[in-house]
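This report concerns only the one structure given below.
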Amino acid sequence: MTKQRPDTTIIGIHGKSPRIHDSAFIAPGCRIIGDVEIGPDVSIWYNCVLRGDVSRIVIGARSNVQDGTVIHCDGAQPGNPDGFPTLIGEDVLIGHMAMVHGTIIEDKGFVGFSAQTMNGCVIEREGMLAAGALLAPGKRIPARQLWSGRPATFMRDLDDRAIAGLQMGVAHYVENAKHHAALFDGQVDGTAEA
């Protein structure tokens, strides 16, 4: 498990505890609770809440969850014994202050700043939910499409250039997390630029 940072809560509940890869970066101020699995080179930025108390949360390799984001899930319900886990693939970008609830985000998906997803939503591979958008329960964003609005609807198809830009963002966050981790590991003077 990654090193515990100042003012960070990583605790179990209902017999399930977070499983965090050693290479993941968990910033101060985060709350990670219950059945949460965080993969290699993932970064969970300042003041995020990941609450896997009624179902599970999985975050795949190199994905990042930016500052102030809330990720939750929903438990078993009549007609839905598996509930709504939140399953986030590899190389996913989740913007600042997003709320992701009971949603599947496939590899290389994107959720913009302050966007919200609700139970049963799916963002397919390389799909994008724009900043401030609300994806209503059960909606699906097909691969390589951009959806926007409240409620979110199709806006346009994404070209190779847009997808490449998102993947540059993923690489940036993997590298930037190493600099932030070094600050807290005593490898860099906290008053100097990392």
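Each chain of the structure tokens is named A, B, ... in the order shown, its residues numbered from 1; ligands are numbered from 1 in display order.
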
TODO: Find the residues near Ser43 of chain A: any atom within 7 Å, counting only C-alpha atoms, skip ones fewer than 3 places away on the same chain, and give them as a list in words.
DONE: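 The neighbour list is Ala24, Phe25, Ile26, Ser63, Asn64, Val65, Val174 and Ala177 of chain A.
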
Okay, now the selection with N, CA and C atoms, as a PDB file, in the first residue's frame?
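Below you can see out10.pdb, which holds the result:
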ATOM      1  N   ALA A  24       0.887   4.153  -6.407  1.00  0.00           N
ATOM      2  CA  ALA A  24      -0.182   5.161  -6.462  1.00  0.00           C
ATOM      3  C   ALA A  24       0.164   6.345  -5.571  1.00  0.00           C
ATOM      4  N   PHE A  25      -0.325   7.525  -5.955  1.00  0.00           N
ATOM      5  CA  PHE A  25      -0.165   8.730  -5.150  1.00  0.00           C
ATOM      6  C   PHE A  25      -1.522   9.111  -4.571  1.00  0.00           C
ATOM      7  N   ILE A  26      -1.572   9.194  -3.241  1.00  0.00           N
ATOM      8  CA  ILE A  26      -2.774   9.640  -2.531  1.00  0.00           C
ATOM      9  C   ILE A  26      -2.397  10.952  -1.842  1.00  0.00           C
ATOM     10  N   SER A  63      -4.837   6.057 -14.123  1.00  0.00           N
ATOM     11  CA  SER A  63      -5.976   6.975 -14.089  1.00  0.00           C
ATOM     12  C   SER A  63      -5.737   8.024 -13.011  1.00  0.00           C
ATOM     13  N   ASN A  64      -6.404   9.171 -13.145  1.00  0.00           N
ATOM     14  CA  ASN A  64      -6.271  10.195 -12.116  1.00  0.00           C
ATOM     15  C   ASN A  64      -7.631  10.750 -11.755  1.00  0.00           C
ATOM     16  N   VAL A  65      -7.756  11.049 -10.463  1.00  0.00           N
ATOM     17  CA  VAL A  65      -8.979  11.610  -9.887  1.00  0.00           C
ATOM     18  C   VAL A  65      -8.554  12.942  -9.296  1.00  0.00           C
ATOM     19  N   VAL A 174       0.568  11.322 -14.355  1.00  0.00           N
ATOM     20  CA  VAL A 174       1.442  10.275 -13.811  1.00  0.00           C
ATOM     21  C   VAL A 174       2.764  10.899 -13.371  1.00  0.00           C
ATOM     22  N   ALA A 177       2.356  13.475 -10.363  1.00  0.00           N
ATOM     23  CA  ALA A 177       2.137  12.781  -9.089  1.00  0.00           C
ATOM     24  C   ALA A 177       3.462  12.389  -8.441  1.00  0.00           C
TER      25      ALA A 177
END

- [ ] For Trp45 of chain A, work out the shell of residues within 12 Å, counting only C-alpha atoms and skipping chain neighbours fewer than 6 positions away, then give it as an MDAnalysis selection string.
- [x] chainID A and resid 5 8 24:32 63:70 93:97 173:174 176:178 180:181

Output file for the residues above (C-alpha atoms, as a PDB file, in the first residue's frame):
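Generated file (out02.pdb):
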ATOM      1  CA  ARG A   5       0.009  11.165   3.771  1.00  0.00           C
ATOM      2  CA  THR A   8      -5.478  11.367   4.916  1.00  0.00           C
ATOM      3  CA  ALA A  24      -0.182   5.161  -6.462  1.00  0.00           C
ATOM      4  CA  PHE A  25      -0.165   8.730  -5.150  1.00  0.00           C
ATOM      5  CA  ILE A  26      -2.774   9.640  -2.531  1.00  0.00           C
ATOM      6  CA  ALA A  27      -2.663  13.372  -1.738  1.00  0.00           C
ATOM      7  CA  PRO A  28      -3.299  14.851   1.698  1.00  0.00           C
ATOM      8  CA  GLY A  29      -6.917  15.490   2.556  1.00  0.00           C
ATOM      9  CA  CYS A  30      -8.256  12.380   0.814  1.00  0.00           C
ATOM     10  CA  ARG A  31     -10.768   9.998   2.392  1.00  0.00           C
ATOM     11  CA  ILE A  32     -10.664   6.429   1.046  1.00  0.00           C
ATOM     12  CA  SER A  63      -5.976   6.975 -14.089  1.00  0.00           C
ATOM     13  CA  ASN A  64      -6.271  10.195 -12.116  1.00  0.00           C
ATOM     14  CA  VAL A  65      -8.979  11.610  -9.887  1.00  0.00           C
ATOM     15  CA  GLN A  66      -8.484  15.350  -9.561  1.00  0.00           C
ATOM     16  CA  ASP A  67      -8.933  17.624  -6.576  1.00  0.00           C
ATOM     17  CA  GLY A  68     -12.231  17.638  -4.700  1.00  0.00           C
ATOM     18  CA  THR A  69     -13.860  14.781  -6.618  1.00  0.00           C
ATOM     19  CA  VAL A  70     -16.367  12.459  -4.922  1.00  0.00           C
ATOM     20  CA  LEU A  93      -9.045  11.455 -16.562  1.00  0.00           C
ATOM     21  CA  ILE A  94     -11.555  12.685 -13.972  1.00  0.00           C
ATOM     22  CA  GLY A  95     -11.548  16.474 -13.627  1.00  0.00           C
ATOM     23  CA  HIS A  96     -11.644  18.636 -10.525  1.00  0.00           C
ATOM     24  CA  MET A  97     -14.803  18.565  -8.382  1.00  0.00           C
ATOM     25  CA  TYR A 173      -0.658  13.440 -14.228  1.00  0.00           C
ATOM     26  CA  VAL A 174       1.442  10.275 -13.811  1.00  0.00           C
ATOM     27  CA  ASN A 176       3.239  15.239 -11.784  1.00  0.00           C
ATOM     28  CA  ALA A 177       2.137  12.781  -9.089  1.00  0.00           C
ATOM     29  CA  LYS A 178       5.760  11.667  -8.704  1.00  0.00           C
ATOM     30  CA  HIS A 180       4.042  15.707  -5.404  1.00  0.00           C
ATOM     31  CA  ALA A 181       4.844  12.358  -3.754  1.00  0.00           C
TER      32      ALA A 181
END

Open item on the list: Write out as an MDAnalysis selection string the set of residues from segment 26-59 of chain A that DSSP, computed on the backbone, places in strand (DSSP E or B).
Closed with: chainID A and resid 26 31:38 43:44 49:59

For N, CA and C atoms, I'd like the residues from the last selection saved as an mmCIF file, in the first residue's frame.
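And here is the file that came out, result_28.cif:
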data_model
loop_
_atom_site.group_PDB
_atom_site.id
_atom_site.type_symbol
_atom_site.label_atom_id
_atom_site.label_comp_id
_atom_site.auth_asym_id
_atom_site.auth_seq_id
_atom_site.Cartn_x
_atom_site.Cartn_y
_atom_site.Cartn_z
ATOM 1 N N ILE A 26 -1.572 9.194 -3.241
ATOM 2 C CA ILE A 26 -2.774 9.640 -2.531
ATOM 3 C C ILE A 26 -2.397 10.952 -1.842
ATOM 4 N N ARG A 31 -10.059 10.966 1.562
ATOM 5 C CA ARG A 31 -10.768 9.998 2.392
ATOM 6 C C ARG A 31 -11.076 8.797 1.508
ATOM 7 N N ILE A 32 -10.478 7.653 1.829
ATOM 8 C CA ILE A 32 -10.664 6.429 1.046
ATOM 9 C C ILE A 32 -11.177 5.368 2.007
ATOM 10 N N ILE A 33 -12.405 4.902 1.745
ATOM 11 C CA ILE A 33 -13.118 4.102 2.731
ATOM 12 C C ILE A 33 -13.686 2.841 2.081
ATOM 13 N N GLY A 34 -13.397 1.691 2.682
ATOM 14 C CA GLY A 34 -14.058 0.450 2.317
ATOM 15 C C GLY A 34 -13.465 -0.268 1.124
ATOM 16 N N ASP A 35 -14.340 -0.832 0.302
ATOM 17 C CA ASP A 35 -13.975 -1.713 -0.802
ATOM 18 C C ASP A 35 -13.529 -0.877 -2.003
ATOM 19 N N VAL A 36 -12.287 -0.397 -1.928
ATOM 20 C CA VAL A 36 -11.716 0.468 -2.960
ATOM 21 C C VAL A 36 -10.395 -0.147 -3.405
ATOM 22 N N GLU A 37 -10.241 -0.322 -4.705
ATOM 23 C CA GLU A 37 -8.993 -0.841 -5.268
ATOM 24 C C GLU A 37 -8.399 0.219 -6.187
ATOM 25 N N ILE A 38 -7.155 0.594 -5.917
ATOM 26 C CA ILE A 38 -6.463 1.637 -6.669
ATOM 27 C C ILE A 38 -5.223 1.021 -7.300
ATOM 28 N N SER A 43 -3.304 8.437 -9.532
ATOM 29 C CA SER A 43 -3.160 9.577 -8.630
ATOM 30 C C SER A 43 -4.541 10.040 -8.175
ATOM 31 N N ILE A 44 -4.677 10.141 -6.856
ATOM 32 C CA ILE A 44 -5.890 10.645 -6.219
ATOM 33 C C ILE A 44 -5.482 11.966 -5.581
ATOM 34 N N VAL A 49 -12.878 12.199 -2.079
ATOM 35 C CA VAL A 49 -13.538 11.192 -1.251
ATOM 36 C C VAL A 49 -13.891 10.012 -2.150
ATOM 37 N N LEU A 50 -13.418 8.816 -1.775
ATOM 38 C CA LEU A 50 -13.766 7.569 -2.455
ATOM 39 C C LEU A 50 -14.384 6.671 -1.397
ATOM 40 N N ARG A 51 -15.697 6.487 -1.467
ATOM 41 C CA ARG A 51 -16.413 5.782 -0.402
ATOM 42 C C ARG A 51 -17.027 4.496 -0.951
ATOM 43 N N GLY A 52 -16.336 3.382 -0.700
ATOM 44 C CA GLY A 52 -16.795 2.068 -1.119
ATOM 45 C C GLY A 52 -17.437 1.326 0.037
ATOM 46 N N ASP A 53 -18.467 1.908 0.607
ATOM 47 C CA ASP A 53 -19.086 1.321 1.793
ATOM 48 C C ASP A 53 -20.267 0.400 1.480
ATOM 49 N N VAL A 54 -20.917 0.576 0.334
ATOM 50 C CA VAL A 54 -22.084 -0.246 0.017
ATOM 51 C C VAL A 54 -21.888 -1.078 -1.250
ATOM 52 N N SER A 55 -20.837 -0.827 -1.983
ATOM 53 C CA SER A 55 -20.426 -1.612 -3.139
ATOM 54 C C SER A 55 -18.952 -1.323 -3.339
ATOM 55 N N ARG A 56 -18.425 -1.638 -4.507
ATOM 56 C CA ARG A 56 -16.981 -1.485 -4.691
ATOM 57 C C ARG A 56 -16.646 -0.366 -5.669
ATOM 58 N N ILE A 57 -15.415 0.108 -5.532
ATOM 59 C CA ILE A 57 -14.834 1.101 -6.427
ATOM 60 C C ILE A 57 -13.508 0.522 -6.900
ATOM 61 N N VAL A 58 -13.284 0.540 -8.216
ATOM 62 C CA VAL A 58 -12.021 0.078 -8.796
ATOM 63 C C VAL A 58 -11.504 1.178 -9.711
ATOM 64 N N ILE A 59 -10.220 1.508 -9.574
ATOM 65 C CA ILE A 59 -9.596 2.519 -10.426
ATOM 66 C C ILE A 59 -8.367 1.896 -11.070
#

Open item on the list: For the helix (DSSP H, G or I) assignment from backbone DSSP, which residues of segment 4-190 of chain A qualify? Please present them as a PyMOL selection string.
Closed with: chain A and resi 160-184

Open item on the list: List as a list in words the protein and nucleic acid residues near segment 60-62 of chain A, meaning an atom at most 6 Å away when only C-alpha atoms are counted, but skip any in the same chain fewer than 6 places from it.
Closed with: Gly39, Pro40, Asp41, Val42, Ile88, Gly89, Glu90 and Asp91 of chain A

Just to be explicit: take each residue in the selection above, keep C-alpha atoms, and write the result as a short mmCIF file (atom, residue, chain, number, x, y, z; two decimals), in the first residue's frame.
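Final output, out.cif:
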data_model
loop_
_atom_site.label_atom_id
_atom_site.label_comp_id
_atom_site.auth_asym_id
_atom_site.auth_seq_id
_atom_site.Cartn_x
_atom_site.Cartn_y
_atom_site.Cartn_z
CA GLY A 39 -4.09 0.43 -9.39
CA PRO A 40 -0.50 1.23 -10.40
CA ASP A 41 0.50 4.85 -11.06
CA VAL A 42 -2.98 6.12 -10.18
CA ILE A 88 -12.94 3.09 -13.68
CA GLY A 89 -10.65 1.68 -16.36
CA GLU A 90 -7.05 2.48 -17.23
CA ASP A 91 -5.79 5.88 -18.42
#
